[in-house]
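The structure under discussion appears below in the form of structure tokens.
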Amino acid sequence: MPAERISILYNPSAGMGRALRRKLKLEQILRHLEVRYDLIMSRSETHLRELTREHAKKYGTLVGAGGDSTFHIMINEIMAAGAEVNFGLIGVGSSNDITLEFGVDSLEKACRTLKGGRSRKIDLGCIREGGTPLQYFLGQANIGLGAFVNIRVAETALRKPWLAKRQTLAGILGIRMAYRSKSIPLPLKVDAEARRTEGDFVAAIFSNVRFWAMGKIIAPGAVPDDGQLDACLIRDCSFLRLARISRLANAGRHAEADEVEIRRAPAFEVASDKPFEIQSDGEIIRTPDGRPLFHKVTFSIVPQALNLICP
């Protein structure tokens with residue numbers, strides 16, 4: 001009996017538009033492996049959300065082809081719909097940290113994993129304000145530098161598309177701008193399991209997976225089904241010192257730096273007198289009424305919330 005057809009929702013704008021060039025190769029591999037699939041191209045974020053809700057009801061397996069932001073959007077629609085569906089990953093975005101975590105960081109690996117069809121239950125992170133869930137995330141949520149750079153790179157993409165496609169350079173320029181504008185550090189109080197960490201922070205990153213920012217091992221001990229979030233808190237430091245910490249993070253050794261603290265807990269409450277933005281898997285988080293700034297939020301884990309297709 002042939003395997004059931006799977007739905008692949010393809011985001012051609014992922015990777016600053018580079019994803020579209022990989023579609024032909026993807027379909028060649030799928031046909032070679034005799035994977036039965038329906039592939040639909042999304043036209044916009046709104047269209048992707050609509051397709052996700054529709055296909056989560058029609059298919060047993062729903063696959064996102066895009067970057068971390070694509071997966072973030074689709075997972076939130078699946079959670080909102082309460083759909084019991086297996087979710088698959090095809091990374092054709094810019095950073096692809098989530099596909100790296102789950103061992104599907106090439107088109108060949110992703111397609112063979114879809115062919116195998118094995119799934120496991122994994123955790124999702126959840127961002128709450130006043131007890132109300134705002135968004136779920138598969139990878140990370142962060143406050144401080146990551147959110148600032150995400151916003152500035154998006155603005156750069158509109159004004160200078162050529163620079164936005166050079167993501168590393170655009171990120172470095174965004175970091176320099178954050179320092180010069182004094183947008184960082186942020187005064188934060190981070191509470192978890194009756195213990196507080198307080199001070200001025202360049203970044204606070206709450207991870208469900210190990211990788212962040214194009215392959216940096218920001219949470220070396222993170223396991224996506226252990227019922228825990230791993231926090232990486234980076235205290236105020238100079239631009240040059242941050243560059244050193246970043247290099248250490250390439251090998252997951254940044255905890256050696258005095259400015260870095262790694263913590264693990266099922267939930268973290270974060271508060272600040274200064275309003276802050278939150279970035280999660282490439283998306284800037286907003287309240288239902290569109291507000292992007294927060295004073296107090298909780299990052300918590302939702303155990304075994306998603307059926308993920310894995311090798």
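Letters for chains follow the order of the structure tokens (A, B, ...), residue numbers begin at 1 for each chain, and ligand numbers begin at 1 in the order shown.
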
Closest atom pairs, residues of region 263-294 of chain A within 12 Å of region 183-196 of chain A, only C-alpha atoms, as a Markdown table:
| residue | atom | partner | partner_atom | distance |
| --- | --- | --- | --- | --- |
| A:Arg263 | CA | A:Ala192 | CA | 8.9 |
| A:Arg264 | CA | A:Ala192 | CA | 8.5 |
| A:Ala265 | CA | A:Ala192 | CA | 6.5 |
| A:Pro266 | CA | A:Ala192 | CA | 8.1 |
| A:Ala267 | CA | A:Ala192 | CA | 6.2 |
| A:Phe268 | CA | A:Ala192 | CA | 4.9 |
| A:Glu269 | CA | A:Asp191 | CA | 5.1 |
| A:Val270 | CA | A:Val190 | CA | 4.6 |
| A:Ala271 | CA | A:Lys189 | CA | 5.2 |
| A:Ser272 | CA | A:Leu188 | CA | 4.9 |
| A:Asp273 | CA | A:Pro187 | CA | 7.2 |
| A:Lys274 | CA | A:Pro187 | CA | 7.0 |
| A:Pro275 | CA | A:Leu186 | CA | 8.9 |
| A:Phe276 | CA | A:Leu186 | CA | 7.9 |
| A:Glu277 | CA | A:Leu186 | CA | 10.6 |
| A:Phe294 | CA | A:Leu188 | CA | 11.8 |

Can you spit out the residues from that selection as a compact mmCIF listing (two decimals), in the first residue's frame, using N, CA and C atoms?
# COMPACT_ATOMS: atom_id res chain seq x y z
N ARG A 263 21.67 28.97 32.40
CA ARG A 263 20.73 28.42 33.37
C ARG A 263 19.73 27.51 32.67
N ARG A 264 19.15 26.59 33.42
CA ARG A 264 18.15 25.67 32.87
C ARG A 264 16.97 25.60 33.83
N ALA A 265 15.74 25.70 33.28
CA ALA A 265 14.52 25.65 34.10
C ALA A 265 13.32 25.43 33.18
N PRO A 266 12.20 24.98 33.73
CA PRO A 266 10.99 24.83 32.90
C PRO A 266 10.39 26.17 32.49
N ALA A 267 10.70 27.24 33.25
CA ALA A 267 10.11 28.56 32.96
C ALA A 267 11.00 29.65 33.52
N PHE A 268 11.03 30.79 32.81
CA PHE A 268 11.76 31.98 33.24
C PHE A 268 10.83 33.18 33.14
N GLU A 269 10.74 33.95 34.21
CA GLU A 269 10.02 35.22 34.16
C GLU A 269 11.05 36.34 34.01
N VAL A 270 10.82 37.21 33.03
CA VAL A 270 11.76 38.30 32.74
C VAL A 270 11.02 39.62 32.86
N ALA A 271 11.60 40.54 33.62
CA ALA A 271 10.98 41.85 33.81
C ALA A 271 12.02 42.95 33.66
N SER A 272 11.56 44.13 33.23
CA SER A 272 12.44 45.27 33.09
C SER A 272 11.65 46.57 33.22
N ASP A 273 12.28 47.59 33.80
CA ASP A 273 11.67 48.91 33.83
C ASP A 273 11.70 49.57 32.45
N LYS A 274 12.61 49.11 31.61
CA LYS A 274 12.74 49.63 30.25
C LYS A 274 12.02 48.69 29.29
N PRO A 275 11.10 49.18 28.45
CA PRO A 275 10.38 48.29 27.54
C PRO A 275 11.33 47.58 26.58
N PHE A 276 11.03 46.31 26.29
CA PHE A 276 11.91 45.53 25.42
C PHE A 276 11.10 44.80 24.34
N GLU A 277 11.80 44.47 23.27
CA GLU A 277 11.22 43.68 22.18
C GLU A 277 11.67 42.23 22.32
N PHE A 294 7.35 45.17 25.67
CA PHE A 294 6.91 44.46 26.87
C PHE A 294 7.72 44.93 28.07

Practice task
Step one, run DSSP on the backbone; step two, keep only residues of region 44-189 of chain A assigned to helix (DSSP H, G or I); then write them as a ChimeraX atom specification.
Solution key: /A:45-58,68-81,97-101,107-116,145-159,161-164,167-180

Write out, as a tab-separated table (two decimals), in the first residue's frame, the residues just selected, with C-alpha atoms.
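Saved result, again-v5.tsv, follows:
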chain	number	residue	atom	x	y	z
A	45	GLU	CA	2.79	35.40	5.29
A	46	THR	CA	-1.00	35.66	5.39
A	47	HIS	CA	-1.29	33.08	2.63
A	48	LEU	CA	1.14	30.75	4.47
A	49	ARG	CA	-1.00	30.99	7.59
A	50	GLU	CA	-4.15	30.22	5.61
A	51	LEU	CA	-2.52	27.26	3.86
A	52	THR	CA	-1.23	25.87	7.14
A	53	ARG	CA	-4.67	25.92	8.76
A	54	GLU	CA	-6.28	24.38	5.68
A	55	HIS	CA	-3.68	21.64	5.09
A	56	ALA	CA	-3.39	20.72	8.79
A	57	LYS	CA	-6.96	19.46	8.47
A	58	LYS	CA	-6.48	17.64	5.14
A	68	ASP	CA	13.26	29.24	10.91
A	69	SER	CA	10.69	32.02	10.51
A	70	THR	CA	8.61	29.83	8.17
A	71	PHE	CA	8.58	27.02	10.73
A	72	HIS	CA	7.66	29.49	13.47
A	73	ILE	CA	4.64	30.75	11.56
A	74	MET	CA	3.41	27.28	10.68
A	75	ILE	CA	3.87	25.84	14.17
A	76	ASN	CA	1.84	28.66	15.68
A	77	GLU	CA	-1.00	28.04	13.24
A	78	ILE	CA	-0.90	24.31	14.01
A	79	MET	CA	-1.04	25.01	17.74
A	80	ALA	CA	-3.87	27.53	17.33
A	81	ALA	CA	-5.86	25.00	15.32
A	97	ASP	CA	19.43	26.56	12.97
A	98	ILE	CA	16.36	24.42	13.62
A	99	THR	CA	17.07	21.97	10.81
A	100	LEU	CA	20.67	21.74	12.03
A	101	GLU	CA	19.43	20.71	15.48
A	107	LEU	CA	17.93	18.78	1.11
A	108	GLU	CA	19.04	15.15	0.84
A	109	LYS	CA	18.77	14.54	4.59
A	110	ALA	CA	15.41	16.31	4.80
A	111	CYS	CA	13.92	14.30	1.93
A	112	ARG	CA	15.19	10.97	3.25
A	113	THR	CA	13.74	11.81	6.66
A	114	LEU	CA	10.36	12.56	5.08
A	115	LYS	CA	10.58	9.27	3.21
A	116	GLY	CA	11.20	7.44	6.51
A	145	LEU	CA	20.66	42.22	20.77
A	146	GLY	CA	18.92	39.50	18.75
A	147	ALA	CA	15.66	41.42	18.58
A	148	PHE	CA	17.39	44.72	17.73
A	149	VAL	CA	19.47	43.18	14.93
A	150	ASN	CA	16.45	41.34	13.50
A	151	ILE	CA	14.53	44.61	13.20
A	152	ARG	CA	17.47	46.48	11.68
A	153	VAL	CA	18.23	43.73	9.12
A	154	ALA	CA	14.56	43.76	8.07
A	155	GLU	CA	14.71	47.53	7.63
A	156	THR	CA	17.94	47.17	5.66
A	157	ALA	CA	16.32	44.62	3.37
A	158	LEU	CA	13.81	47.25	2.29
A	159	ARG	CA	16.40	49.99	1.66
A	161	PRO	CA	18.49	44.46	-0.65
A	162	TRP	CA	22.09	43.74	-1.69
A	163	LEU	CA	23.31	44.26	1.89
A	164	ALA	CA	20.50	42.24	3.48
A	167	GLN	CA	23.59	38.38	6.36
A	168	THR	CA	26.81	38.24	8.36
A	169	LEU	CA	27.80	41.77	7.34
A	170	ALA	CA	24.28	43.07	7.94
A	171	GLY	CA	24.31	41.47	11.39
A	172	ILE	CA	27.65	43.03	12.34
A	173	LEU	CA	26.42	46.45	11.26
A	174	GLY	CA	23.24	45.91	13.29
A	175	ILE	CA	25.27	45.06	16.39
A	176	ARG	CA	27.41	48.18	15.96
A	177	MET	CA	24.25	50.25	15.62
A	178	ALA	CA	22.83	48.72	18.82
A	179	TYR	CA	25.92	49.81	20.74
A	180	ARG	CA	26.09	53.29	19.22

Exercise for the section: Assign secondary structure with DSSP using the backbone only, and return the residues of region 78-238 of chain A in strand (DSSP E) as a PyMOL selection string. Expected result: chain A and resi 86-91+119-129+132-137+140-144+186-192+195-207+211-212+216-217+229-235

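Across the structure, CA of Ala204 (chain A) and CA of Ile262 (chain A) are spaced 10.0 Å apart.
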
Practice task
For Gln279 (chain A), list every protein, DNA or RNA residue within 7 Å, evaluated using only C-alpha atoms, and leave out those in the same chain fewer than 2 positions away; present the list as number ranges by chain.
Solution key: A: 141-143, 146-147, 277, 281-285
